[in-house]
$ cat upload_22.cif   # mmCIF, C-alpha atoms
data_my_file
#
loop_
_atom_site.label_atom_id
_atom_site.label_comp_id
_atom_site.auth_asym_id
_atom_site.auth_seq_id
_atom_site.Cartn_x
_atom_site.Cartn_y
_atom_site.Cartn_z
CA MET A 369 18.13 -32.53 -14.54
CA SER A 370 20.42 -29.53 -15.04
CA THR A 371 19.39 -25.95 -14.30
CA VAL A 372 19.82 -25.04 -17.98
CA VAL A 373 17.48 -27.81 -19.10
CA THR A 374 14.90 -26.82 -16.48
CA THR A 375 15.15 -23.16 -17.46
CA ASN A 376 14.71 -23.93 -21.12
CA ALA A 377 11.72 -26.15 -20.34
CA ILE A 378 9.99 -23.40 -18.33
CA GLU A 379 10.52 -20.86 -21.09
CA ARG A 380 9.28 -23.32 -23.71
CA ASP A 381 6.16 -24.18 -21.73
CA LEU A 382 5.30 -20.53 -21.10
CA ALA A 383 5.80 -19.76 -24.79
CA SER A 384 3.44 -22.60 -25.71
CA ILE A 385 0.73 -20.87 -23.65
CA ALA A 386 1.17 -17.17 -24.43
CA GLY A 387 3.31 -17.21 -27.56
CA GLU A 388 7.08 -16.92 -27.91
CA ALA A 389 6.91 -13.16 -28.51
CA TRP A 390 5.32 -12.63 -25.09
CA VAL A 391 7.87 -14.44 -22.95
CA SER A 392 11.20 -12.93 -21.91
CA GLN A 393 13.93 -13.46 -19.34
CA GLY A 394 15.26 -11.09 -16.69
CA ARG A 395 13.66 -7.81 -17.82
CA PHE A 396 12.16 -6.58 -14.55
CA GLU A 397 12.84 -6.44 -10.82
CA ILE A 398 10.54 -6.29 -7.81
CA ASN A 399 12.11 -4.61 -4.79
CA GLY A 400 15.52 -5.43 -6.23
CA ILE A 401 14.72 -9.10 -6.87
CA PRO A 402 14.93 -9.96 -10.60
CA ALA A 403 12.06 -11.88 -12.17
CA ALA A 404 13.33 -15.01 -13.92
CA TYR A 405 10.62 -14.73 -16.59
CA THR A 406 8.08 -12.18 -17.69
CA VAL A 407 5.01 -13.45 -19.54
CA SER A 408 2.16 -11.40 -20.99
CA PRO A 409 -0.93 -13.55 -21.60
CA GLY A 410 -3.45 -12.31 -24.14
CA SER A 411 -6.61 -13.80 -22.63
CA VAL A 412 -8.13 -14.93 -19.36
CA ASP A 413 -7.76 -18.55 -20.46
CA GLU A 414 -4.04 -18.00 -20.95
CA VAL A 415 -3.78 -16.46 -17.46
CA ALA A 416 -5.49 -19.56 -16.06
CA ALA A 417 -3.16 -21.88 -17.97
CA ILE A 418 -0.08 -20.03 -16.69
CA MET A 419 -1.34 -20.21 -13.11
CA ARG A 420 -2.01 -23.95 -13.44
CA PHE A 421 1.50 -24.40 -14.83
CA ALA A 422 3.03 -22.40 -11.97
CA HIS A 423 0.91 -24.15 -9.35
CA ASP A 424 1.88 -27.62 -10.57
CA ARG A 425 5.59 -26.73 -10.50
CA GLU A 426 5.38 -24.52 -7.38
CA LEU A 427 6.78 -21.49 -9.18
CA VAL A 428 6.36 -18.11 -7.47
CA VAL A 429 4.21 -15.69 -9.49
CA ALA A 430 4.02 -11.90 -9.17
CA PRO A 431 1.02 -10.36 -11.00
CA ALA A 432 1.76 -6.92 -12.43
CA GLY A 433 0.28 -4.19 -14.60
CA GLU A 434 2.71 -1.37 -15.35
CA LEU A 435 4.85 -1.91 -12.21
CA THR A 436 3.85 1.41 -10.64
CA LYS A 437 3.34 -0.10 -7.14
CA GLN A 438 5.74 -3.03 -7.14
CA GLN A 439 8.10 -1.29 -4.71
CA VAL A 440 5.45 -1.50 -1.98
CA GLY A 441 5.69 -4.30 0.56
CA GLY A 442 8.46 -6.59 1.72
CA VAL A 443 11.31 -7.98 -0.33
CA PRO A 444 10.05 -11.09 -2.15
CA GLU A 445 11.67 -14.44 -1.50
CA ARG A 446 12.02 -14.93 -5.25
CA VAL A 447 10.10 -14.19 -8.45
CA ASP A 448 9.95 -17.05 -10.94
CA ILE A 449 7.26 -15.54 -13.17
CA LEU A 450 6.19 -11.93 -13.46
CA LEU A 451 2.71 -12.21 -14.97
CA SER A 452 1.94 -8.99 -16.83
CA THR A 453 -1.69 -8.12 -17.58
CA ARG A 454 -0.81 -5.40 -20.12
CA ARG A 455 -2.39 -7.33 -23.03
CA LEU A 456 -5.74 -7.59 -21.20
CA ASN A 457 -6.41 -4.00 -22.20
CA HIS A 458 -9.79 -3.91 -23.93
CA VAL A 459 -13.10 -2.27 -23.09
CA GLU A 460 -15.32 -5.33 -22.72
CA HIS A 461 -18.61 -3.42 -22.60
CA TYR A 462 -19.80 0.14 -22.09
CA ASP A 463 -23.40 1.26 -21.68
CA PRO A 464 -23.55 5.06 -21.25
CA GLY A 465 -27.28 4.92 -20.59
CA ASP A 466 -26.90 2.32 -17.86
CA LEU A 467 -23.83 4.11 -16.41
CA THR A 468 -21.67 0.96 -16.41
CA ILE A 469 -18.42 -0.09 -18.04
CA GLY A 470 -16.40 -3.30 -18.05
CA VAL A 471 -12.69 -3.45 -18.90
CA GLY A 472 -9.73 -5.77 -18.93
CA ALA A 473 -7.40 -5.47 -15.95
CA GLY A 474 -4.50 -4.31 -18.13
CA ILE A 475 -6.15 -1.20 -19.54
CA HIS A 476 -4.66 2.09 -18.41
CA PHE A 477 -7.06 3.97 -16.18
CA ALA A 478 -6.55 7.14 -18.22
CA GLU A 479 -7.59 5.32 -21.40
CA MET A 480 -10.81 4.14 -19.76
CA GLN A 481 -11.43 7.68 -18.52
CA ARG A 482 -11.00 9.06 -22.05
CA LYS A 483 -13.58 6.58 -23.32
CA LEU A 484 -16.04 7.75 -20.68
CA ALA A 485 -15.34 11.41 -21.46
CA GLU A 486 -16.76 10.91 -24.98
CA HIS A 487 -20.15 10.72 -23.26
CA GLN A 488 -19.44 13.38 -20.58
CA GLN A 489 -19.00 10.67 -17.97
CA TRP A 490 -16.18 9.70 -15.63
CA ILE A 491 -15.08 7.67 -12.67
CA PRO A 492 -14.26 10.21 -9.92
CA PHE A 493 -10.84 8.87 -9.05
CA ASP A 494 -7.45 10.61 -8.98
CA ALA A 495 -4.75 8.35 -7.57
CA PRO A 496 -1.19 8.96 -8.84
CA ASN A 497 0.22 7.67 -12.13
CA LEU A 498 -3.16 7.22 -13.81
CA ASN A 499 -1.66 7.65 -17.27
CA THR A 500 0.32 4.45 -16.81
CA ALA A 501 -1.37 2.61 -13.93
CA THR A 502 -3.66 -0.24 -14.94
CA VAL A 503 -7.15 -0.79 -13.62
CA GLY A 504 -6.18 -4.18 -12.18
CA GLY A 505 -3.19 -2.68 -10.39
CA LEU A 506 -5.26 0.13 -8.91
CA LEU A 507 -7.79 -2.36 -7.60
CA ALA A 508 -5.17 -4.75 -6.25
CA THR A 509 -3.46 -1.95 -4.33
CA ALA A 510 -6.67 -0.19 -3.23
CA SER A 511 -5.20 3.09 -4.46
CA LEU A 512 -6.87 6.40 -3.70
CA GLY A 513 -6.47 10.14 -4.19
CA PRO A 514 -7.98 13.44 -2.99
CA LEU A 515 -11.38 12.65 -4.54
CA LYS A 516 -11.73 9.94 -1.89
CA SER A 517 -13.21 12.65 0.37
CA GLY A 518 -16.19 13.31 -1.87
CA PHE A 519 -16.74 10.08 -3.78
CA GLY A 520 -14.89 7.18 -2.17
CA GLY A 521 -12.30 4.84 -3.68
CA MET A 522 -12.13 2.21 -6.40
CA ARG A 523 -13.87 -0.36 -4.22
CA ASP A 524 -16.89 1.96 -4.07
CA PHE A 525 -17.20 2.12 -7.88
CA CYS A 526 -16.39 -1.52 -8.66
CA ILE A 527 -19.53 -3.62 -9.14
CA GLY A 528 -18.00 -6.80 -10.52
CA ILE A 529 -14.65 -8.51 -10.83
CA GLN A 530 -13.17 -11.53 -12.57
CA PHE A 531 -10.03 -13.21 -11.28
CA VAL A 532 -7.90 -16.33 -11.66
CA THR A 533 -6.98 -18.27 -8.53
CA ALA A 534 -3.57 -19.64 -7.65
CA GLU A 535 -4.72 -23.06 -8.89
CA GLY A 536 -5.74 -21.62 -12.25
CA ARG A 537 -9.51 -21.47 -11.79
CA ILE A 538 -11.46 -18.61 -13.34
CA ALA A 539 -13.87 -17.05 -10.82
CA LYS A 540 -15.86 -13.87 -10.35
CA GLY A 541 -17.60 -11.71 -7.80
CA GLY A 542 -20.38 -9.19 -8.36
CA GLY A 543 -21.64 -8.61 -11.89
CA ARG A 544 -22.40 -6.06 -14.61
CA VAL A 545 -25.23 -4.19 -12.90
CA VAL A 546 -25.15 -1.86 -9.92
CA LYS A 547 -27.39 -3.99 -7.68
CA ASN A 548 -25.51 -7.19 -6.85
CA VAL A 549 -26.52 -8.83 -3.60
CA ALA A 550 -25.96 -12.56 -4.13
CA GLY A 551 -23.22 -14.51 -2.40
CA TYR A 552 -20.04 -13.63 -0.54
CA ASP A 553 -18.44 -10.35 -1.59
CA LEU A 554 -15.32 -11.79 -3.24
CA MET A 555 -14.94 -8.53 -5.12
CA LYS A 556 -14.07 -6.60 -1.95
CA LEU A 557 -11.73 -9.41 -0.88
CA MET A 558 -9.65 -9.00 -4.04
CA ILE A 559 -9.46 -5.19 -3.79
CA GLY A 560 -6.42 -4.32 -1.72
CA SER A 561 -5.03 -7.87 -1.70
CA TYR A 562 -1.90 -6.78 -3.64
CA GLY A 563 -2.05 -9.79 -5.93
CA SER A 564 -1.51 -12.18 -3.01
CA LEU A 565 -4.82 -14.05 -3.38
CA ALA A 566 -5.52 -14.14 -7.13
CA VAL A 567 -4.84 -12.42 -10.46
CA ILE A 568 -7.48 -9.81 -11.31
CA THR A 569 -8.33 -10.07 -15.01
CA ARG A 570 -11.48 -7.96 -15.56
CA ALA A 571 -13.56 -5.42 -13.67
CA ASN A 572 -16.93 -3.69 -14.03
CA PHE A 573 -17.64 -0.19 -12.73
CA LYS A 574 -20.51 2.18 -12.21
CA VAL A 575 -19.77 5.57 -13.76
CA PHE A 576 -20.98 9.11 -13.12
CA PRO A 577 -21.87 12.25 -15.06
CA ALA A 578 -18.74 14.39 -15.32
CA THR A 579 -18.50 17.55 -13.24
CA ARG A 580 -19.13 20.71 -15.27
CA GLN A 581 -17.33 23.29 -13.15
CA THR A 582 -15.05 23.22 -10.13
CA ARG A 583 -13.19 25.71 -7.97
CA THR A 584 -10.47 25.24 -5.36
CA PHE A 585 -10.15 27.32 -2.20
CA VAL A 586 -6.83 27.36 -0.34
CA CYS A 587 -7.32 28.37 3.31
CA SER A 588 -4.35 29.22 5.54
CA PHE A 589 -3.92 28.99 9.32
CA PRO A 590 -1.01 29.70 11.67
CA SER A 591 -1.39 26.43 13.59
CA LEU A 592 -2.57 22.85 13.22
CA THR A 593 -5.13 23.41 15.97
CA GLU A 594 -6.79 26.22 14.01
CA ALA A 595 -6.66 24.25 10.78
CA MET A 596 -8.34 21.24 12.39
CA ALA A 597 -11.01 23.46 13.98
CA PHE A 598 -11.76 24.87 10.53
CA ARG A 599 -11.90 21.32 9.11
CA ASP A 600 -14.42 20.40 11.79
CA SER A 601 -16.58 23.41 10.95
CA ILE A 602 -16.63 22.35 7.30
CA LEU A 603 -17.70 18.81 8.20
CA LYS A 604 -20.57 20.19 10.30
CA SER A 605 -21.69 22.66 7.62
CA PRO A 606 -24.00 22.10 4.63
CA LEU A 607 -20.97 22.35 2.32
CA THR A 608 -20.03 19.13 0.52
CA PRO A 609 -16.62 19.60 -1.12
CA ILE A 610 -15.42 16.87 -3.47
CA CYS A 611 -11.89 17.21 -2.02
CA LEU A 612 -10.86 18.29 1.47
CA GLU A 613 -7.13 18.19 2.23
CA ILE A 614 -5.04 19.07 5.26
CA ILE A 615 -1.50 20.15 4.26
CA SER A 616 1.46 20.70 6.58
CA PRO A 617 3.87 23.67 6.27
CA ARG A 618 6.63 21.55 4.70
CA ALA A 619 4.44 19.85 2.11
CA PRO A 620 4.02 22.72 -0.42
CA GLU A 621 7.66 22.33 -1.44
CA TYR A 622 6.64 19.09 -3.12
CA LEU A 623 3.48 20.41 -4.77
CA CYS A 624 5.32 21.40 -7.91
CA GLU A 625 7.04 19.88 -10.92
CA PRO A 626 9.83 17.44 -10.01
CA PRO A 627 13.43 18.30 -10.91
CA THR A 628 14.42 17.52 -14.50
CA ALA A 629 18.05 18.61 -14.54
CA HIS A 630 19.20 15.88 -12.16
CA ASP A 631 19.02 12.14 -12.03
CA PRO A 632 16.70 11.42 -9.06
CA ASP A 633 19.39 9.11 -7.66
CA GLU A 634 21.87 11.98 -7.65
CA TYR A 635 19.57 14.81 -6.63
CA VAL A 636 20.94 17.03 -3.87
CA PRO A 637 18.80 19.92 -2.59
CA SER A 638 20.50 23.23 -3.34
CA GLN A 639 18.37 25.13 -0.83
CA PRO A 640 17.16 24.40 2.71
CA ILE A 641 14.16 22.10 2.78
CA GLY A 642 10.85 23.81 3.42
CA ARG A 643 9.35 27.19 2.67
CA LEU A 644 9.39 30.42 4.58
CA SER A 645 5.72 30.13 5.48
CA ASN A 646 4.81 28.12 8.57
CA ASP A 647 1.14 28.07 7.65
CA TRP A 648 -1.05 25.00 7.69
CA HIS A 649 -3.53 24.71 4.85
CA VAL A 650 -7.01 23.29 4.48
CA VAL A 651 -7.79 23.01 0.77
CA LEU A 652 -11.30 22.45 -0.58
CA ARG A 653 -12.41 21.63 -4.09
CA ALA A 654 -16.04 22.37 -4.84
CA SER A 655 -18.24 21.47 -7.80
CA GLY A 656 -21.45 23.15 -8.94
CA SER A 657 -23.06 26.17 -10.53
CA ASP A 658 -21.87 29.76 -10.20
CA ASN A 659 -24.28 30.21 -7.31
CA VAL A 660 -22.96 27.13 -5.52
CA LEU A 661 -19.35 28.26 -5.89
CA ALA A 662 -20.28 31.76 -4.74
CA ARG A 663 -21.79 30.27 -1.60
CA TYR A 664 -18.53 28.45 -0.85
CA ARG A 665 -16.69 31.75 -1.16
CA ARG A 666 -19.07 33.45 1.28
CA GLU A 667 -19.13 30.58 3.77
CA LEU A 668 -15.33 30.19 3.88
CA GLY A 669 -14.83 33.91 4.41
CA PRO A 670 -11.45 35.49 5.18
CA ALA A 671 -9.71 32.12 5.65
CA VAL A 672 -9.38 31.83 1.85
CA ALA A 673 -5.85 32.82 0.85
CA ARG A 674 -6.32 32.12 -2.86
CA GLU A 675 -8.60 30.48 -5.40
CA LEU A 676 -7.71 28.17 -8.27
CA GLU A 677 -9.63 27.25 -11.40
CA GLY A 678 -9.02 25.86 -14.87
CA ARG A 679 -5.58 24.49 -15.72
CA ALA A 680 -3.98 25.83 -12.56
CA GLU A 681 -6.53 23.99 -10.48
CA ASP A 682 -6.10 20.71 -12.37
CA GLN A 683 -2.33 20.96 -12.07
CA TYR A 684 -2.53 21.64 -8.35
CA TRP A 685 -4.60 18.53 -7.68
CA SER A 686 -2.31 16.44 -9.85
CA TRP A 687 0.57 17.58 -7.61
CA VAL A 688 -1.44 16.64 -4.52
CA SER A 689 -2.07 13.16 -5.95
CA HIS A 690 1.63 12.69 -6.73
CA PHE A 691 2.90 14.12 -3.43
CA GLU A 692 4.70 11.00 -2.21
CA TYR A 693 6.39 10.45 -5.58
CA SER A 694 7.52 14.07 -5.65
CA ILE A 695 9.22 13.50 -2.30
CA LEU A 696 10.91 10.36 -3.57
CA GLN A 697 12.10 12.01 -6.78
CA ARG A 698 13.90 14.60 -4.68
CA HIS A 699 15.03 12.37 -1.82
CA ARG A 700 15.52 8.75 -2.75
CA ASN A 701 16.18 7.83 0.90
CA ALA A 702 12.92 9.29 2.20
CA MET A 703 10.39 7.16 4.02
CA VAL A 704 6.69 7.49 3.23
CA ILE A 705 4.00 6.05 5.48
CA HIS A 706 0.31 5.79 4.63
CA SER A 707 -1.73 6.09 7.78
CA HIS A 708 -5.47 5.57 8.17
CA VAL A 709 -7.07 6.97 11.30
CA ALA A 710 -10.56 7.77 12.51
CA ILE A 711 -11.64 11.26 11.41
CA GLN A 712 -11.58 12.57 14.99
CA ASN A 713 -7.98 11.32 15.38
CA THR A 714 -6.55 13.09 12.33
CA GLY A 715 -4.96 15.86 14.38
CA ALA A 716 -3.40 13.40 16.83
CA ALA A 717 -1.83 11.41 13.98
CA ILE A 718 -0.35 14.56 12.46
CA GLN A 719 1.02 15.59 15.86
CA ALA A 720 2.68 12.16 16.13
CA LEU A 721 4.47 12.77 12.83
CA GLU A 722 5.60 16.26 13.85
CA ARG A 723 6.89 14.94 17.18
CA VAL A 724 8.67 11.77 16.03
CA ALA A 725 10.34 12.80 12.75
CA PRO A 726 12.84 15.32 14.23
CA ASP A 727 13.86 12.84 16.94
CA TYR A 728 15.26 10.56 14.21
CA ASN A 729 16.73 13.30 11.99
CA PHE A 730 13.83 13.40 9.55
CA ILE A 731 11.86 16.43 8.43
CA PRO A 732 8.05 15.90 8.47
CA ALA A 733 5.95 16.70 5.40
CA MET A 734 2.38 15.46 5.10
CA LEU A 735 -0.96 15.87 3.46
CA GLY A 736 -4.09 13.80 3.36
CA ARG A 737 -7.82 13.42 3.18
CA ALA A 738 -9.08 15.54 6.07
CA ALA A 739 -12.60 14.09 5.78
CA THR A 740 -11.64 10.40 5.74
CA GLY A 741 -8.43 10.11 7.77
CA ASN A 742 -6.24 8.81 4.91
CA LEU A 743 -2.89 10.54 5.46
CA VAL A 744 0.38 10.49 3.49
CA MET A 745 3.28 10.99 5.91
CA GLY A 746 6.67 11.96 4.50
CA PHE A 747 9.88 11.50 6.51
CA VAL A 748 12.59 13.41 4.62
CA PRO A 749 16.21 12.78 5.73
CA LEU A 750 17.77 15.86 7.29
CA SER A 751 21.07 15.29 5.50
CA VAL A 752 22.20 13.84 2.18
CA ASP A 753 23.73 10.83 3.94
CA PRO A 754 21.03 8.17 4.36
CA PRO A 755 19.95 7.19 7.87
CA SER A 756 20.83 3.72 9.09
CA ALA A 757 18.42 0.83 8.58
CA MET A 758 17.66 0.77 12.30
CA GLN A 759 16.93 4.50 12.21
CA TYR A 760 14.09 3.87 9.75
CA ALA A 761 12.83 0.94 11.83
CA ASN A 762 12.95 2.84 15.12
CA CYS A 763 11.31 5.91 13.62
CA ALA A 764 8.44 3.88 12.13
CA SER A 765 8.01 2.02 15.42
CA ALA A 766 7.94 5.24 17.45
CA PHE A 767 5.42 6.81 15.09
CA ARG A 768 3.12 3.79 15.25
CA ALA A 769 3.32 3.77 19.04
CA LEU A 770 1.94 7.31 19.19
CA LEU A 771 -0.99 6.70 16.86
CA PRO A 772 -4.46 6.46 18.41
CA ALA A 773 -5.87 2.97 18.94
CA GLY A 774 -7.41 1.43 15.83
CA SER A 775 -5.09 3.29 13.45
CA SER A 776 -2.92 1.69 10.77
CA ALA A 777 0.43 2.80 9.38
CA MET A 778 1.91 1.08 6.33
CA VAL A 779 5.43 1.98 5.21
CA ARG A 780 4.94 2.48 1.49
CA HIS A 781 8.48 3.53 0.66
CA CYS A 782 11.87 3.22 2.32
CA PRO A 783 15.28 1.91 1.22
CA LYS A 784 15.33 -1.81 0.48
CA GLU A 785 18.10 -2.32 3.05
CA ALA A 786 15.79 -1.13 5.84
CA LYS A 787 12.90 -3.45 5.03
CA GLY A 788 14.49 -6.47 6.65
CA HIS A 789 14.60 -4.71 10.03
CA PHE A 790 10.89 -4.14 10.61
CA ASP A 791 7.41 -5.03 9.42
CA VAL A 792 6.53 -2.54 6.71
CA TRP A 793 2.82 -3.35 7.11
CA GLY A 794 2.64 -2.74 10.85
CA SER A 795 -0.25 -3.68 13.08
CA SER A 796 -3.77 -3.64 11.73
CA PRO A 797 -7.13 -2.94 13.33
CA THR A 798 -8.42 -5.93 11.33
CA ASP A 799 -7.81 -9.57 12.10
CA LEU A 800 -4.38 -10.54 10.73
CA ALA A 801 -4.94 -14.18 11.67
CA MET A 802 -8.07 -14.23 9.54
CA MET A 803 -6.18 -12.68 6.63
CA ARG A 804 -3.56 -15.42 6.86
CA ALA A 805 -6.29 -18.07 6.95
CA VAL A 806 -7.83 -16.65 3.78
CA LYS A 807 -4.39 -16.65 2.13
CA ARG A 808 -3.85 -20.32 3.05
CA ALA A 809 -7.30 -21.25 1.76
CA MET A 810 -6.95 -19.48 -1.58
CA ASP A 811 -3.23 -20.04 -2.15
CA PRO A 812 -2.14 -23.06 -0.09
CA LYS A 813 1.22 -23.35 -1.86
CA ASN A 814 1.91 -19.63 -1.35
CA ILE A 815 2.92 -19.08 -4.96
CA LEU A 816 1.42 -15.58 -5.32
CA ASN A 817 3.79 -12.79 -4.26
CA ARG A 818 5.57 -14.95 -1.72
CA GLY A 819 7.35 -12.88 0.91
CA ARG A 820 5.98 -9.47 -0.11
CA PHE A 821 2.71 -9.44 1.78
CA ILE A 822 0.90 -11.79 4.16
CA VAL A 823 3.27 -14.44 5.53
#

$ encode --input "upload_22.cif" --output "C-alpha cells"
Amino acid sequence: MSTVVTTNAIERDLASIAGEAWVSQGRFEINGIPAAYTVSPGSVDEVAAIMRFAHDRELVVAPAGELTKQQVGGVPERVDILLSTRRLNHVEHYDPGDLTIGVGAGIHFAEMQRKLAEHQQWIPFDAPNLNTATVGGLLATASLGPLKSGFGGMRDFCIGIQFVTAEGRIAKGGGRVVKNVAGYDLMKLMIGSYGSLAVITRANFKVFPATRQTRTFVCSFPSLTEAMAFRDSILKSPLTPICLEIISPRAPEYLCEPPTAHDPDEYVPSQPIGRLSNDWHVVLRASGSDNVLARYRRELGPAVARELEGRAEDQYWSWVSHFEYSILQRHRNAMVIHSHVAIQNTGAAIQALERVAPDYNFIPAMLGRAATGNLVMGFVPLSVDPPSAMQYANCASAFRALLPAGSSAMVRHCPKEAKGHFDVWGSSPTDLAMMRAVKRAMDPKNILNRGRFIV
C-alpha cells in the first residue's frame, strides 16, 4: 500500500470519528517535530474512539490543550496524531453551595475562574498563561505559581478526574465530592504525567471563597544569607502569607512587560543585563482585614522596602508567574531549570546556581517559592552568540551535581539542538524504574508522547 493511500485512509478514519471539519494536516509542531494530523474530538467517546484507532494502528499520539507546555521534555520520535482537547470546554457542573465544580479538560482556566467569580469564589492558582492554558494541560504538567506557598497546587484542589487510556478505555479516579477515599489514587497518578499515561478529559475541583483584600510587602537584603534568615523567621512566626518568594538580584529585570518592538527571535539587549541594585528580595503577599495587614507591616518592620496593592500588586504577581517566559522572550537561547528542594536546602540550591552559571558563561537569575522549595532557575547567555550544545549539557550536569541529596532539577527550556546531549529530566528522588513500569502497564505500545518523557 502506498504512503498516499495510507495517509488518505488515516485522515478519512479520523474524520469519520470527529468530523471532517475537526481534522487537519501539518498545522502544529512539538519541539520542532511536525504533527502529521491534528484532530479535535468533541466528546469523551470520540477521544476513546481516536485512541482505539491509534492503538490498533500503533500511531503515536500527543495530547494537547493550547500547546503552552509542548516545548517541555525531550524531542519526540514522531507525532502521528496531535489530539487537541479544545472542544472539551464546557462546565459540566457547578455547585457554589457545595464548593465544587467539574469542567472539561479543554476549558481555559481563566474561563473557569470567571465562572467562579460570579459567586465570589475561586481556585487559588496562578501558574503562567492562564488565559490560554487549559485545565487538562495544567493538570498534566503539574503547573504551579506563587500561590503554591499558601494554598498548594492543582493536585491539592483536584478531587476527581476522568481520562482515556492508550487502549481507548474511559476511566476515572476520585469523584465529585471532597471526601473520596475509595481505591487507588489514579487522580494523582495522572497529574504531572505530561500526557504519557492517558488523555485527561474531565476534572472536578474543590473551590474556595475569594480573598477580599491583599497586600504585598517587598523586603530587601544585601545578601542571600540575610534574605534566607529573614525567610526562616517568617516561617517560624504566626504570619501565614499566601505567597512567599525569594528573588535574586538579576531577576527583577524580567519582572516587567516583555519587549514589543522586537521579534523575540531577533531581540538583542541594548543595555547590560541586570540592574544596579545587588539586593536580594523576600516578597510576601498577605490576605485579610485592615488589622491583619497592619500586623504584617509591624511584624516585618524596617525590612519592607515598598508595598503594593490594587492593580500594581496584581501586575507584579503576574510578572512573577511569567518569569521564565519573560526570560525566554528576551533571550531565546536561555536555559531554564525547575528545581525542587527541601525547604532547608533552598539557600544551598540558590548558591549552586550562582556558582555554576558564570563558569559556563551564563548569568544567573532566579526566583521561587521560598516556603516550598520550588525554584525557577534562569541561565541567561552572557553573549548574543548561543553557547554550544555541550555547554548547556555540562552546565546542567554541574548544577545538578551541587544540589543537595533528594533534590530534582528538570530542564524546562533550552535550545532543541542541546536536548540530544543530556537528559532534560535529570535524576529524581522518586523511583524511575517504578515510573517506567507504570508506563509499560498503562501504555504497553508506547503510543502516548513517545520519546518526550519516560523511555

$ closest_residue --input "upload_22.cif" --among "A:Ile614, A:Cys782, A:Ala769, A:Ala716" --to "A:Ile695" --atoms "only C-alpha atoms"
A:Cys782

$ resolve_selection --input "upload_22.cif" --expression "the PyMOL selection byres ((chain A and resi 748) around 10)" --output "list of chain:residue names"
A:Ile641, A:Ile695, A:Leu696, A:Arg698, A:His699, A:Arg700, A:Asn701, A:Ala702, A:Met703, A:Val704, A:Ala725, A:Pro726, A:Asn729, A:Phe730, A:Ile731, A:Pro732, A:Ala733, A:Met745, A:Gly746, A:Phe747, A:Pro749, A:Leu750, A:Ser751, A:Val752, A:Pro754

$ resolve_selection --input "upload_22.cif" --expression "the PyMOL selection byres ((chain A and resi 742) around 10)" --output "PDB file with C-alpha atoms, in the frame of the given file"
ATOM      1  CA  LEU A 512      -6.870   6.400  -3.700  1.00  0.00           C
ATOM      2  CA  GLY A 513      -6.470  10.140  -4.190  1.00  0.00           C
ATOM      3  CA  PRO A 514      -7.980  13.440  -2.990  1.00  0.00           C
ATOM      4  CA  LYS A 516     -11.730   9.940  -1.890  1.00  0.00           C
ATOM      5  CA  SER A 517     -13.210  12.650   0.370  1.00  0.00           C
ATOM      6  CA  GLU A 613      -7.130  18.190   2.230  1.00  0.00           C
ATOM      7  CA  HIS A 706       0.310   5.790   4.630  1.00  0.00           C
ATOM      8  CA  SER A 707      -1.730   6.090   7.780  1.00  0.00           C
ATOM      9  CA  HIS A 708      -5.470   5.570   8.170  1.00  0.00           C
ATOM     10  CA  VAL A 709      -7.070   6.970  11.300  1.00  0.00           C
ATOM     11  CA  ALA A 710     -10.560   7.770  12.510  1.00  0.00           C
ATOM     12  CA  ILE A 711     -11.640  11.260  11.410  1.00  0.00           C
ATOM     13  CA  THR A 714      -6.550  13.090  12.330  1.00  0.00           C
ATOM     14  CA  LEU A 735      -0.960  15.870   3.460  1.00  0.00           C
ATOM     15  CA  GLY A 736      -4.090  13.800   3.360  1.00  0.00           C
ATOM     16  CA  ARG A 737      -7.820  13.420   3.180  1.00  0.00           C
ATOM     17  CA  ALA A 738      -9.080  15.540   6.070  1.00  0.00           C
ATOM     18  CA  ALA A 739     -12.600  14.090   5.780  1.00  0.00           C
ATOM     19  CA  THR A 740     -11.640  10.400   5.740  1.00  0.00           C
ATOM     20  CA  GLY A 741      -8.430  10.110   7.770  1.00  0.00           C
ATOM     21  CA  LEU A 743      -2.890  10.540   5.460  1.00  0.00           C
ATOM     22  CA  VAL A 744       0.380  10.490   3.490  1.00  0.00           C
ATOM     23  CA  MET A 745       3.280  10.990   5.910  1.00  0.00           C
ATOM     24  CA  SER A 776      -2.920   1.690  10.770  1.00  0.00           C
TER      25      SER A 776
END

$ resolve_selection --input "upload_22.cif" --expression "the PyMOL selection byres ((chain A and resi 484-486) around 9)" --output "ChimeraX atom specification"
/A:462,464,469,479-483,487-491,575,578

$ atom_distance --input "upload_22.cif" --atom1 "atom CA of A:Arg380" --atom2 "atom CA of A:Thr406"
12.7 Å

$ atom_distance --input "upload_22.cif" --atom1 "atom CA of A:Phe525" --atom2 "atom CA of A:Arg580"
20.1 Å

$ atom_distance --input "upload_22.cif" --atom1 "atom CA of A:Gly470" --atom2 "atom CA of A:Phe573"
6.3 Å

$ closest_atom_pairs --input "upload_22.cif" --of "stretch 526-623 of chain A" --to "stretch 420-429 of chain A" --cutoff "8 Å" --atoms "all atoms listed in the file" --output "CSV"
residue,atom,partner,partner_atom,distance
A:Ala534,CA,A:His423,CA,6.6
A:Glu535,CA,A:Arg420,CA,5.4
A:Gly536,CA,A:Arg420,CA,4.6

$ residues_around --input "upload_22.cif" --residues "stretch 804-816 of chain A" --least-positions-apart "5" --cutoff "12 Å" --atoms "all atoms listed in the file" --output "PyMOL selection string"
chain A and resi 419-432+444-451+531-537+539+554+557-558+561-567+798-799+821-823

$ closest_residue --input "upload_22.cif" --among "A:Gly542, A:Gly400, A:Pro755, A:Gly518" --to "A:Val443" --atoms "all atoms listed in the file"
A:Gly400

$ closest_residue --input "upload_22.cif" --among "A:Pro402, A:Gly504, A:Gly472, A:Gly465" --to "A:Thr436" --atoms "only C-alpha atoms"
A:Gly504

$ closest_residue --input "upload_22.cif" --among "A:Ser756, A:Ser411, A:Asn646, A:Ser452" --to "A:Ile538" --atoms "all atoms listed in the file"
A:Ser411

$ residues_around --input "upload_22.cif" --residues "A:Phe767" --least-positions-apart "3" --cutoff "8 Å" --atoms "only C-alpha atoms" --output "compact mmCIF listing (two decimals) with C-alpha atoms, in the coordinates of the input"
# COMPACT_ATOMS: atom_id res chain seq x y z
CA ALA A 720 2.68 12.16 16.13
CA LEU A 721 4.47 12.77 12.83
CA VAL A 724 8.67 11.77 16.03
CA CYS A 763 11.31 5.91 13.62
CA ALA A 764 8.44 3.88 12.13
CA LEU A 770 1.94 7.31 19.19
CA LEU A 771 -0.99 6.70 16.86
